[in-house]
$ cat start-v5.csv   # CSV, C-alpha atoms
chain,number,residue,atom,x,y,z
R,1,MET,CA,-24.8,-10.0,6.0
R,2,SER,CA,-25.3,-10.5,9.7
R,3,LYS,CA,-22.0,-9.4,11.2
R,4,LYS,CA,-21.3,-5.7,11.5
R,5,PHE,CA,-18.4,-4.2,9.5
R,6,VAL,CA,-17.1,-0.9,8.2
R,7,ILE,CA,-15.0,-0.3,5.2
R,8,THR,CA,-13.0,2.9,5.1
R,9,ILE,CA,-11.6,4.1,1.7
R,10,GLY,CA,-8.7,6.6,1.4
R,11,ARG,CA,-8.0,7.5,-2.2
R,12,GLN,CA,-5.8,9.5,-4.6
R,13,PHE,CA,-7.7,12.1,-6.6
R,14,GLY,CA,-8.7,10.6,-10.0
R,15,SER,CA,-8.2,7.0,-8.9
R,16,GLY,CA,-12.0,6.3,-8.8
R,17,GLY,CA,-11.9,5.6,-5.0
R,18,ARG,CA,-15.2,7.3,-4.4
R,19,GLU,CA,-17.0,5.4,-7.2
R,20,ILE,CA,-15.4,2.1,-5.9
R,21,GLY,CA,-16.7,3.0,-2.4
R,22,TYR,CA,-20.3,3.4,-3.7
R,23,LYS,CA,-20.0,0.1,-5.7
R,24,VAL,CA,-18.7,-1.8,-2.7
R,25,ALA,CA,-21.5,-0.5,-0.6
R,26,GLU,CA,-24.1,-1.4,-3.2
R,27,LYS,CA,-22.7,-4.9,-3.6
R,28,LEU,CA,-22.7,-5.4,0.2
R,29,GLY,CA,-26.2,-3.8,0.6
R,30,VAL,CA,-25.0,-1.0,2.9
R,31,LYS,CA,-24.7,2.8,2.7
R,32,CYS,CA,-21.7,4.7,1.5
R,33,TYR,CA,-20.9,8.0,3.3
R,34,ASP,CA,-18.9,10.6,1.5
R,35,LYS,CA,-20.2,14.2,1.4
R,36,GLU,CA,-23.4,13.1,3.3
R,37,LEU,CA,-21.1,12.3,6.2
R,38,ILE,CA,-20.4,16.0,6.6
R,39,SER,CA,-24.1,16.8,6.9
R,40,VAL,CA,-24.4,14.1,9.6
R,41,ALA,CA,-21.5,15.6,11.4
R,42,ALA,CA,-22.9,19.1,11.2
R,43,LYS,CA,-26.3,18.1,12.3
R,44,ASP,CA,-25.2,15.8,15.2
R,45,SER,CA,-22.2,17.4,16.7
R,46,ASP,CA,-22.2,19.9,19.5
R,47,LEU,CA,-18.8,21.0,18.4
R,48,CYS,CA,-20.0,22.1,15.0
R,49,GLU,CA,-22.9,24.1,16.5
R,50,GLN,CA,-20.4,25.7,18.9
R,51,ILE,CA,-18.3,27.0,15.9
R,52,PHE,CA,-21.3,29.0,14.8
R,53,ALA,CA,-22.4,30.0,18.2
R,54,GLU,CA,-18.9,31.5,18.8
R,55,HIS,CA,-19.1,33.6,15.6
R,56,ASP,CA,-22.7,34.7,16.3
R,57,GLU,CA,-23.8,33.3,13.0
R,58,ALA,CA,-27.1,31.6,12.2
R,59,PRO,CA,-26.2,29.7,9.1
R,60,THR,CA,-28.7,27.9,6.9
R,61,LYS,CA,-27.9,24.3,6.2
R,62,SER,CA,-26.6,25.0,2.7
R,63,PHE,CA,-24.3,27.8,4.1
R,64,LEU,CA,-23.1,25.4,6.7
R,65,TYR,CA,-22.4,22.8,4.1
R,66,SER,CA,-20.4,25.1,1.9
R,67,LEU,CA,-18.5,26.5,4.9
R,68,VAL,CA,-17.5,23.0,5.9
R,69,MET,CA,-16.5,22.1,2.4
R,70,ASP,CA,-14.3,25.2,2.2
R,71,THR,CA,-12.7,24.3,5.4
R,72,TYR,CA,-12.1,20.8,4.3
R,73,SER,CA,-10.4,21.8,1.1
R,74,MET,CA,-8.6,25.0,2.3
R,75,GLY,CA,-7.9,24.4,6.0
R,76,TYR,CA,-9.2,27.9,6.7
R,77,SER,CA,-12.4,29.7,6.1
R,78,THR,CA,-13.4,33.4,6.0
R,79,ILE,CA,-16.7,34.3,7.7
R,80,GLY,CA,-17.7,38.0,8.0
R,81,GLY,CA,-14.2,39.1,6.9
R,82,VAL,CA,-12.5,37.1,9.7
R,83,ASN,CA,-10.0,34.4,8.7
R,84,MET,CA,-10.3,31.6,11.2
R,85,PRO,CA,-8.7,28.1,11.6
R,86,ILE,CA,-11.9,26.2,12.2
R,87,GLY,CA,-10.6,23.0,10.5
R,88,HIS,CA,-9.7,21.4,13.8
R,89,LYS,CA,-13.2,21.7,15.2
R,90,VAL,CA,-14.8,20.5,12.0
R,91,PHE,CA,-12.3,17.6,12.0
R,92,LEU,CA,-13.4,16.6,15.5
R,93,ALA,CA,-17.1,16.9,14.6
R,94,GLN,CA,-16.5,14.6,11.6
R,95,PHE,CA,-14.5,12.3,13.8
R,96,ASP,CA,-17.4,12.0,16.2
R,97,ALA,CA,-19.9,11.4,13.4
R,98,ILE,CA,-17.7,8.7,11.9
R,99,LYS,CA,-17.5,6.9,15.3
R,100,ASN,CA,-21.3,7.2,15.7
R,101,LEU,CA,-21.9,5.8,12.3
R,102,ALA,CA,-19.6,2.9,12.9
R,103,ASP,CA,-21.5,2.2,16.1
R,104,GLN,CA,-24.9,2.2,14.5
R,105,GLU,CA,-24.6,0.4,11.1
R,106,SER,CA,-22.4,-1.5,8.6
R,107,CYS,CA,-21.2,1.0,6.0
R,108,VAL,CA,-18.5,2.3,3.7
R,109,ILE,CA,-16.9,5.7,4.5
R,110,VAL,CA,-14.8,7.5,1.9
R,111,GLY,CA,-12.1,9.9,3.0
R,112,ARG,CA,-12.2,12.0,6.2
R,113,CYS,CA,-9.4,10.0,7.9
R,114,ALA,CA,-12.1,7.5,8.8
R,115,ASP,CA,-9.5,4.7,9.1
R,116,TYR,CA,-7.8,6.7,11.9
R,117,ALA,CA,-11.1,7.6,13.6
R,118,LEU,CA,-11.9,3.9,13.8
R,119,GLU,CA,-8.4,2.7,14.6
R,120,GLU,CA,-9.5,0.9,17.8
R,121,ARG,CA,-12.3,-1.1,16.2
R,122,GLU,CA,-11.7,-4.7,15.0
R,123,ASP,CA,-14.5,-4.7,12.4
R,124,VAL,CA,-12.9,-2.2,10.0
R,125,LEU,CA,-11.3,-3.0,6.7
R,126,LYS,CA,-9.0,0.0,5.8
R,127,VAL,CA,-8.5,0.4,2.1
R,128,PHE,CA,-6.4,2.8,0.0
R,129,ILE,CA,-7.1,3.3,-3.7
R,130,TYR,CA,-4.6,4.7,-6.1
R,131,ALA,CA,-3.6,4.6,-9.8
R,132,ASP,CA,-0.8,5.5,-12.2
R,133,ILE,CA,-0.8,9.2,-13.3
R,134,ASP,CA,-1.9,8.5,-16.9
R,135,SER,CA,-5.0,6.6,-15.7
R,136,LYS,CA,-5.8,9.4,-13.2
R,137,ILE,CA,-5.4,12.1,-15.9
R,138,LYS,CA,-7.8,10.2,-18.2
R,139,ARG,CA,-10.4,9.8,-15.5
R,140,VAL,CA,-10.2,13.4,-14.4
R,141,MET,CA,-10.6,14.7,-18.0
R,142,ASP,CA,-13.5,12.2,-18.7
R,143,LYS,CA,-15.4,13.2,-15.5
R,144,ILE,CA,-14.7,17.0,-15.3
R,145,PRO,CA,-15.5,18.6,-18.6
R,146,GLU,CA,-14.0,21.9,-17.4
R,147,VAL,CA,-10.5,20.3,-17.4
R,148,LYS,CA,-9.4,20.5,-21.0
R,149,LYS,CA,-5.6,20.1,-20.9
R,150,ILE,CA,-3.5,17.3,-19.6
R,151,SER,CA,-1.4,19.8,-17.7
R,152,GLU,CA,-4.5,21.1,-15.9
R,153,ALA,CA,-5.6,17.6,-14.9
R,154,LYS,CA,-2.1,16.8,-13.6
R,155,ASP,CA,-2.1,20.1,-11.7
R,156,LEU,CA,-5.5,19.4,-10.1
R,157,ILE,CA,-4.4,15.9,-9.2
R,158,ASN,CA,-1.2,17.0,-7.6
R,159,LYS,CA,-2.8,19.9,-5.6
R,160,THR,CA,-5.7,17.8,-4.4
R,161,ASP,CA,-3.6,14.9,-3.3
R,162,LYS,CA,-1.1,17.3,-1.6
R,163,LYS,CA,-4.1,18.7,0.4
R,164,ARG,CA,-5.4,15.2,1.2
R,165,ALA,CA,-1.9,14.1,2.4
R,166,SER,CA,-1.5,17.2,4.6
R,167,TYR,CA,-4.9,16.8,6.1
R,168,TYR,CA,-4.3,13.1,6.9
R,169,ASN,CA,-0.7,13.6,8.1
R,170,CYS,CA,-1.8,16.5,10.3
R,171,TYR,CA,-4.7,14.8,12.0
R,172,THR,CA,-3.5,11.2,12.3
R,173,SER,CA,-0.4,9.5,13.6
R,174,LYS,CA,0.0,7.7,10.3
R,175,LYS,CA,1.2,8.6,6.8
R,176,TRP,CA,-1.2,9.0,3.8
R,177,GLY,CA,-0.4,6.5,1.1
R,178,ASP,CA,2.0,4.4,3.3
R,179,ALA,CA,0.9,0.8,2.8
R,180,VAL,CA,1.1,0.1,6.5
R,181,SER,CA,-1.5,2.8,7.2
R,182,TYR,CA,-4.2,0.5,5.7
R,183,ASP,CA,-5.1,-3.3,5.5
R,184,LEU,CA,-5.3,-3.2,1.7
R,185,CYS,CA,-4.0,-0.9,-1.0
R,186,ILE,CA,-4.9,-1.4,-4.6
R,187,ASN,CA,-4.1,0.2,-7.9
R,188,SER,CA,-7.6,0.7,-9.5
R,189,ALA,CA,-6.1,0.9,-13.0
R,190,MET,CA,-5.0,-2.7,-12.7
R,191,LEU,CA,-8.5,-4.4,-12.8
R,192,GLY,CA,-10.7,-1.4,-13.4
R,193,ILE,CA,-13.4,0.1,-11.1
R,194,ASP,CA,-15.9,-2.7,-11.0
R,195,GLU,CA,-13.4,-5.6,-10.5
R,196,THR,CA,-11.5,-3.6,-7.9
R,197,ALA,CA,-14.8,-3.2,-6.0
R,198,ASN,CA,-15.2,-7.0,-6.3
R,199,VAL,CA,-11.8,-7.6,-4.8
R,200,ILE,CA,-12.7,-5.5,-1.8
R,201,VAL,CA,-16.1,-7.2,-1.4
R,202,ASP,CA,-14.4,-10.6,-1.5
R,203,ILE,CA,-11.9,-9.7,1.1
R,204,MET,CA,-14.6,-8.2,3.4
R,205,LYS,CA,-16.6,-11.5,3.0
R,206,LYS,CA,-13.5,-13.6,3.8
R,207,ARG,CA,-12.9,-11.5,6.9
R,208,LEU,CA,-16.4,-11.9,8.1
R,209,GLU,CA,-16.2,-15.7,7.6
R,210,LYS,CA,-13.0,-15.9,9.7
D,1,MET,CA,-2.2,-21.0,-17.4
D,2,SER,CA,-1.4,-20.1,-21.0
D,3,LYS,CA,-0.5,-16.4,-20.7
D,4,LYS,CA,2.8,-15.5,-19.2
D,5,PHE,CA,3.0,-13.6,-15.9
D,6,VAL,CA,5.4,-12.6,-13.1
D,7,ILE,CA,4.4,-11.8,-9.6
D,8,THR,CA,7.0,-9.8,-7.5
D,9,ILE,CA,6.7,-9.8,-3.8
D,10,GLY,CA,8.3,-7.1,-1.5
D,11,ARG,CA,7.7,-7.8,2.1
D,12,GLN,CA,8.3,-6.7,5.7
D,13,PHE,CA,10.4,-9.0,7.8
D,14,GLY,CA,8.1,-11.3,9.8
D,15,SER,CA,5.0,-10.7,7.6
D,16,GLY,CA,5.2,-14.1,5.9
D,17,GLY,CA,5.8,-12.6,2.5
D,18,ARG,CA,8.3,-15.3,1.5
D,19,GLU,CA,5.9,-18.1,2.5
D,20,ILE,CA,3.0,-16.4,0.7
D,21,GLY,CA,5.3,-16.2,-2.4
D,22,TYR,CA,5.9,-19.9,-2.3
D,23,LYS,CA,2.2,-20.6,-1.8
D,24,VAL,CA,1.1,-18.4,-4.6
D,25,ALA,CA,3.7,-20.1,-6.9
D,26,GLU,CA,2.4,-23.5,-5.9
D,27,LYS,CA,-1.2,-22.6,-6.4
D,28,LEU,CA,-0.4,-21.2,-9.9
D,29,GLY,CA,1.9,-24.0,-10.8
D,30,VAL,CA,5.1,-22.0,-11.3
D,31,LYS,CA,8.4,-21.6,-9.5
D,32,CYS,CA,9.2,-19.1,-6.7
D,33,TYR,CA,12.6,-17.5,-6.8
D,34,ASP,CA,14.0,-16.2,-3.5
D,35,LYS,CA,17.6,-17.2,-2.5
D,36,GLU,CA,17.8,-19.4,-5.6
D,37,LEU,CA,17.7,-16.3,-7.7
D,38,ILE,CA,21.1,-15.3,-6.4
D,39,SER,CA,22.6,-18.6,-7.6
D,40,VAL,CA,21.1,-18.0,-11.0
D,41,ALA,CA,22.5,-14.4,-11.0
D,42,ALA,CA,25.9,-15.6,-9.9
D,43,LYS,CA,26.0,-18.4,-12.4
D,44,ASP,CA,24.6,-16.5,-15.4
D,45,SER,CA,26.0,-13.0,-15.1
D,46,ASP,CA,29.2,-11.8,-16.6
D,47,LEU,CA,29.2,-9.0,-14.1
D,48,CYS,CA,29.4,-11.3,-11.2
D,49,GLU,CA,32.3,-13.3,-12.7
D,50,GLN,CA,34.0,-10.0,-13.3
D,51,ILE,CA,33.9,-9.2,-9.5
D,52,PHE,CA,35.9,-12.2,-8.7
D,53,ALA,CA,38.2,-11.8,-11.7
D,54,GLU,CA,39.1,-8.3,-10.5
D,55,HIS,CA,40.0,-9.6,-7.1
D,56,ASP,CA,41.9,-12.5,-8.4
D,57,GLU,CA,39.8,-14.9,-6.5
D,58,ALA,CA,38.6,-18.4,-7.5
D,59,PRO,CA,35.6,-18.8,-5.1
D,60,THR,CA,33.8,-22.0,-4.6
D,61,LYS,CA,30.0,-21.8,-5.1
D,62,SER,CA,29.4,-21.7,-1.4
D,63,PHE,CA,31.9,-18.9,-0.9
D,64,LEU,CA,30.2,-17.0,-3.6
D,65,TYR,CA,26.9,-17.6,-1.9
D,66,SER,CA,28.0,-16.3,1.4
D,67,LEU,CA,29.8,-13.3,-0.2
D,68,VAL,CA,26.6,-12.3,-2.0
D,69,MET,CA,24.5,-12.8,1.1
D,70,ASP,CA,26.9,-10.6,3.1
D,71,THR,CA,26.8,-8.0,0.4
D,72,TYR,CA,23.0,-8.1,0.3
D,73,SER,CA,22.7,-7.6,4.0
D,74,MET,CA,25.6,-5.3,4.7
D,75,GLY,CA,26.2,-3.3,1.5
D,76,TYR,CA,29.9,-4.0,1.8
D,77,SER,CA,32.1,-7.1,2.0
D,78,THR,CA,35.6,-7.7,3.0
D,79,ILE,CA,37.7,-10.0,0.8
D,80,GLY,CA,41.4,-10.5,1.6
D,81,GLY,CA,41.3,-7.6,4.1
D,82,VAL,CA,40.0,-5.1,1.5
D,83,ASN,CA,36.7,-3.5,2.2
D,84,MET,CA,35.0,-3.0,-1.2
D,85,PRO,CA,31.5,-1.8,-2.2
D,86,ILE,CA,30.6,-4.6,-4.5
D,87,GLY,CA,26.9,-4.3,-3.7
D,88,HIS,CA,26.2,-2.3,-6.9
D,89,LYS,CA,27.7,-5.0,-9.1
D,90,VAL,CA,25.9,-7.7,-7.4
D,91,PHE,CA,22.7,-5.7,-7.7
D,92,LEU,CA,23.2,-5.4,-11.4
D,93,ALA,CA,23.9,-9.1,-11.7
D,94,GLN,CA,20.6,-9.8,-9.9
D,95,PHE,CA,18.8,-7.3,-12.0
D,96,ASP,CA,19.9,-9.1,-15.2
D,97,ALA,CA,19.0,-12.4,-13.7
D,98,ILE,CA,15.5,-11.2,-12.8
D,99,LYS,CA,15.0,-9.8,-16.3
D,100,ASN,CA,16.1,-13.1,-17.9
D,101,LEU,CA,13.8,-15.1,-15.6
D,102,ALA,CA,10.9,-12.9,-16.5
D,103,ASP,CA,11.7,-13.4,-20.2
D,104,GLN,CA,11.9,-17.1,-19.9
D,105,GLU,CA,9.0,-18.3,-17.6
D,106,SER,CA,6.0,-17.4,-15.5
D,107,CYS,CA,7.2,-17.1,-11.9
D,108,VAL,CA,7.0,-15.5,-8.5
D,109,ILE,CA,10.1,-13.5,-7.3
D,110,VAL,CA,10.5,-12.5,-3.7
D,111,GLY,CA,12.5,-9.4,-2.8
D,112,ARG,CA,15.6,-8.2,-4.7
D,113,CYS,CA,13.8,-5.0,-6.0
D,114,ALA,CA,12.3,-7.3,-8.7
D,115,ASP,CA,9.3,-5.0,-9.1
D,116,TYR,CA,11.7,-2.2,-10.2
D,117,ALA,CA,13.8,-4.5,-12.4
D,118,LEU,CA,10.6,-5.4,-14.3
D,119,GLU,CA,9.1,-1.9,-14.2
D,120,GLU,CA,8.7,-1.8,-18.0
D,121,ARG,CA,6.9,-5.1,-18.4
D,122,GLU,CA,3.1,-5.2,-18.6
D,123,ASP,CA,2.7,-8.8,-17.3
D,124,VAL,CA,3.9,-8.1,-13.8
D,125,LEU,CA,1.8,-8.0,-10.6
D,126,LYS,CA,3.7,-6.1,-8.0
D,127,VAL,CA,2.8,-7.0,-4.5
D,128,PHE,CA,3.9,-5.8,-1.0
D,129,ILE,CA,3.2,-7.8,2.1
D,130,TYR,CA,3.2,-6.3,5.6
D,131,ALA,CA,1.6,-6.9,9.0
D,132,ASP,CA,1.1,-5.2,12.4
D,133,ILE,CA,4.1,-5.4,14.7
D,134,ASP,CA,2.5,-7.9,17.2
D,135,SER,CA,1.8,-10.4,14.4
D,136,LYS,CA,5.4,-10.0,13.1
D,137,ILE,CA,6.9,-10.5,16.5
D,138,LYS,CA,4.8,-13.7,17.0
D,139,ARG,CA,5.9,-15.1,13.6
D,140,VAL,CA,9.6,-14.3,14.2
D,141,MET,CA,9.5,-16.0,17.6
D,142,ASP,CA,7.7,-19.0,16.2
D,143,LYS,CA,10.0,-19.4,13.2
D,144,ILE,CA,13.4,-18.5,14.7
D,145,PRO,CA,14.0,-20.5,18.0
D,146,GLU,CA,17.1,-18.4,18.7
D,147,VAL,CA,14.9,-15.4,19.2
D,148,LYS,CA,13.7,-15.7,22.8
D,149,LYS,CA,12.6,-12.2,23.8
D,150,ILE,CA,10.0,-9.9,22.3
D,151,SER,CA,12.6,-7.1,22.4
D,152,GLU,CA,15.0,-9.2,20.3
D,153,ALA,CA,12.3,-10.0,17.8
D,154,LYS,CA,11.3,-6.3,17.5
D,155,ASP,CA,15.0,-5.3,17.1
D,156,LEU,CA,15.5,-7.9,14.4
D,157,ILE,CA,12.4,-6.8,12.5
D,158,ASN,CA,13.3,-3.1,12.7
D,159,LYS,CA,16.9,-3.6,11.7
D,160,THR,CA,16.1,-6.0,8.8
D,161,ASP,CA,13.4,-3.7,7.4
D,162,LYS,CA,15.7,-0.7,7.7
D,163,LYS,CA,18.2,-2.6,5.6
D,164,ARG,CA,15.5,-3.6,3.1
D,165,ALA,CA,14.2,-0.1,2.8
D,166,SER,CA,17.7,1.4,2.3
D,167,TYR,CA,18.5,-1.2,-0.3
D,168,TYR,CA,15.3,-0.6,-2.2
D,169,ASN,CA,15.4,3.2,-1.9
D,170,CYS,CA,19.0,3.3,-3.0
D,171,TYR,CA,18.6,1.1,-6.1
D,172,THR,CA,15.2,2.2,-7.3
D,173,SER,CA,13.4,5.5,-8.0
D,174,LYS,CA,10.6,4.4,-5.8
D,175,LYS,CA,10.0,4.2,-2.0
D,176,TRP,CA,9.9,0.9,-0.2
D,177,GLY,CA,6.4,0.4,1.4
D,178,ASP,CA,4.8,3.3,-0.4
D,179,ALA,CA,1.5,2.0,-1.7
D,180,VAL,CA,2.1,3.5,-5.2
D,181,SER,CA,5.3,1.5,-5.6
D,182,TYR,CA,3.2,-1.6,-6.0
D,183,ASP,CA,-0.1,-2.8,-7.6
D,184,LEU,CA,-1.4,-4.5,-4.4
D,185,CYS,CA,-0.4,-4.1,-0.8
D,186,ILE,CA,-1.9,-6.4,1.8
D,187,ASN,CA,-1.7,-6.9,5.5
D,188,SER,CA,-1.1,-10.6,5.9
D,189,ALA,CA,-2.4,-10.6,9.5
D,190,MET,CA,-5.8,-9.7,8.2
D,191,LEU,CA,-6.7,-13.0,6.5
D,192,GLY,CA,-3.6,-15.2,7.4
D,193,ILE,CA,-1.0,-16.6,5.1
D,194,ASP,CA,-3.1,-19.0,3.0
D,195,GLU,CA,-6.0,-16.7,2.4
D,196,THR,CA,-3.7,-13.9,1.5
D,197,ALA,CA,-2.0,-16.1,-1.1
D,198,ASN,CA,-5.5,-16.9,-2.4
D,199,VAL,CA,-6.3,-13.1,-2.8
D,200,ILE,CA,-3.1,-12.7,-4.8
D,201,VAL,CA,-3.9,-15.8,-7.0
D,202,ASP,CA,-7.4,-14.5,-7.6
D,203,ILE,CA,-6.2,-11.1,-8.7
D,204,MET,CA,-3.5,-12.6,-11.0
D,205,LYS,CA,-6.2,-14.8,-12.6
D,206,LYS,CA,-8.5,-11.7,-13.1
D,207,ARG,CA,-5.7,-9.8,-14.7
D,208,LEU,CA,-4.9,-12.7,-17.0
D,209,GLU,CA,-8.6,-12.9,-18.0
D,210,LYS,CA,-8.7,-9.1,-18.8

$ encode --input "start-v5.csv" --output "structure tokens"
Amino acid sequence: MSKKFVITIGRQFGSGGREIGYKVAEKLGVKCYDKELISVAAKDSDLCEQIFAEHDEAPTKSFLYSLVMDTYSMGYSTIGGVNMPIGHKVFLAQFDAIKNLADQESCVIVGRCADYALEEREDVLKVFIYADIDSKIKRVMDKIPEVKKISEAKDLINKTDKKRASYYNCYTSKKWGDAVSYDLCINSAMLGIDETANVIVDIMKKRLEK
Amino acid sequence: MSKKFVITIGRQFGSGGREIGYKVAEKLGVKCYDKELISVAAKDSDLCEQIFAEHDEAPTKSFLYSLVMDTYSMGYSTIGGVNMPIGHKVFLAQFDAIKNLADQESCVIVGRCADYALEEREDVLKVFIYADIDSKIKRVMDKIPEVKKISEAKDLINKTDKKRASYYNCYTSKKWGDAVSYDLCINSAMLGIDETANVIVDIMKKRLEK
């Protein structure tokens, strides 16, 4: 496709949003950024380097990665026995990385408040993927063998989405899961993963034709 | 189309949701129920007749119509100097009418918490239509010549949607405008009225093929 575009995907845990993101990217011939995005952010951003400089650490890439992942999921991280709120700096680093990516190439970005980071751009299709609780429980139990009980799956879904909502609501001026925060919200259980990806691809193509 | 289906459309004021509903119905060769639904409810429901019986009124059809419209928009209505909360009974009458319609024929139903009334059915596609504030203001000023100022349009949009949200949140266990309350939420300003209708038609067809 000749015109540039970015598709951002927010998603409920267990809704298949990440898989849909990868399918959409594949169908449109572009890259999907999910965890890789964090590596990009960590490598490219001065802010992220600053975090470690301040704490006199010389982390390896894998340490950096796990640190950022901890921060993303917990909001706080412990380094050398010191509990520090580095989430904000990591968020800003990711924010920069997302903006750089959107400047450079057409792509799909899953999570990371990418819709908010790219709020000012006109070439962005902001998508939110969700599903009914039974479908999400089934998916979580199919995909994560460690989750053996329905109650465990439900608990994991609720806790993860609570964190995602807090993260989004804290860092953006919008509300996670509110229809108006996005251009398109779709229940992935309605048509399944592949057809949901097709709907998003069709809408993106229609937008590019406009 | 041989299989039965119902499409419910919730919508922000000024988003073109009603027009989209009529277009979707036309494209699928079925009826769209909006205000007509109220007539059906009023005609068919014992509950509605009961309202008037209780108040010893013998309303004409047009009086009934304006009464129900008042109730829908205000929550209360004054008859013969008595202020009475008849909204609940009217809601139940509409609820029954919506269920009857869904039993009888494939159709599109705009507003009236139809998604909630038909929550138990499997053949329902629940849609929510919204748009950015600038697009809604433009639409309201184009469609309602009495609205001459941007501030008036904004005020009308905010007040109408506040009423719609209150009505929905009061009568259902869901939240108006929350993505998860619906199967599909779409920003009508993204593709315009006709293409948005096409997206809904395509999704309904895909569901019927499943």

$ atom_distance --input "start-v5.csv" --atom1 "atom CA of R:Ile98" --atom2 "atom CA of R:Lys174"
17.8 Å

$ atom_distance --input "start-v5.csv" --atom1 "atom CA of D:Glu120" --atom2 "atom CA of R:Ile193"
23.2 Å

$ closest_residue --input "start-v5.csv" --among "D:Lys143, D:Arg11, D:Lys99, D:Lys138" --to "D:Val124" --atoms "all atoms listed in the file"
D:Lys99

$ closest_residue --input "start-v5.csv" --among "D:Lys35, D:Lys205, D:Arg164, D:Lys175" --to "D:Ser2" --atoms "only C-alpha atoms"
D:Lys205

$ residues_around --input "start-v5.csv" --residues "D:Val108" --least-positions-apart "2" --cutoff "6 Å" --atoms "only C-alpha atoms" --output "list in words"
Val6, Ile7, Thr8, Ala25 and Cys32 of chain D

$ write_last_selection --input "start-v5.csv" --atoms "C-alpha atoms" --output "compact mmCIF listing (two decimals), in the frame of the given file"
# COMPACT_ATOMS: atom_id res chain seq x y z
CA VAL D 6 5.40 -12.60 -13.10
CA ILE D 7 4.40 -11.80 -9.60
CA THR D 8 7.00 -9.80 -7.50
CA ALA D 25 3.70 -20.10 -6.90
CA CYS D 32 9.20 -19.10 -6.70

$ atom_distance --input "start-v5.csv" --atom1 "atom CA of R:Asp183" --atom2 "atom CA of R:Lys126"
5.1 Å

$ closest_residue --input "start-v5.csv" --among "R:Ile150, R:Cys170, R:Val127, R:Ala114" --to "chain D" --atoms "all atoms listed in the file"
R:Val127

$ closest_atom_pairs --input "start-v5.csv" --of "chain R" --to "chain D" --cutoff "6 Å" --atoms "only C-alpha atoms" --output "JSON lines"
{"residue": "R:Gly177", "atom": "CA", "partner": "D:Ala179", "partner_atom": "CA", "distance": 5.6}
{"residue": "R:Asp178", "atom": "CA", "partner": "D:Asp178", "partner_atom": "CA", "distance": 4.8}
{"residue": "R:Ala179", "atom": "CA", "partner": "D:Ala179", "partner_atom": "CA", "distance": 4.7}
{"residue": "R:Asp183", "atom": "CA", "partner": "D:Asn187", "partner_atom": "CA", "distance": 5.0}
{"residue": "R:Leu184", "atom": "CA", "partner": "D:Ile186", "partner_atom": "CA", "distance": 4.7}
{"residue": "R:Cys185", "atom": "CA", "partner": "D:Cys185", "partner_atom": "CA", "distance": 4.8}
{"residue": "R:Ile186", "atom": "CA", "partner": "D:Leu184", "partner_atom": "CA", "distance": 4.7}
{"residue": "R:Asn187", "atom": "CA", "partner": "D:Asp183", "partner_atom": "CA", "distance": 5.0}

$ closest_residue --input "start-v5.csv" --among "R:Lys23, R:Gly14, R:Phe5, R:Asp96" --to "R:Lys159" --atoms "all atoms listed in the file"
R:Gly14

$ closest_residue --input "start-v5.csv" --among "R:Arg139, R:Ile133, R:Glu122, R:Gly29" --to "R:Asn158" --atoms "only C-alpha atoms"
R:Ile133

$ residues_around --input "start-v5.csv" --residues "R:Arg18" --least-positions-apart "6" --cutoff "8 Å" --atoms "all atoms listed in the file" --output "PyMOL selection string"
chain R and resi 9+11+34+110

$ residues_around --input "start-v5.csv" --residues "R:Lys31" --least-positions-apart "2" --cutoff "9 Å" --atoms "all atoms listed in the file" --output "JSON, numbers by chain"
{"R": [22, 25, 26, 28, 29, 33, 105, 106, 107, 108, 109]}

$ closest_residue --input "start-v5.csv" --among "R:Ser166, R:Ser135, R:Thr172, R:Asn198" --to "R:Ser15" --atoms "only C-alpha atoms"
R:Ser135
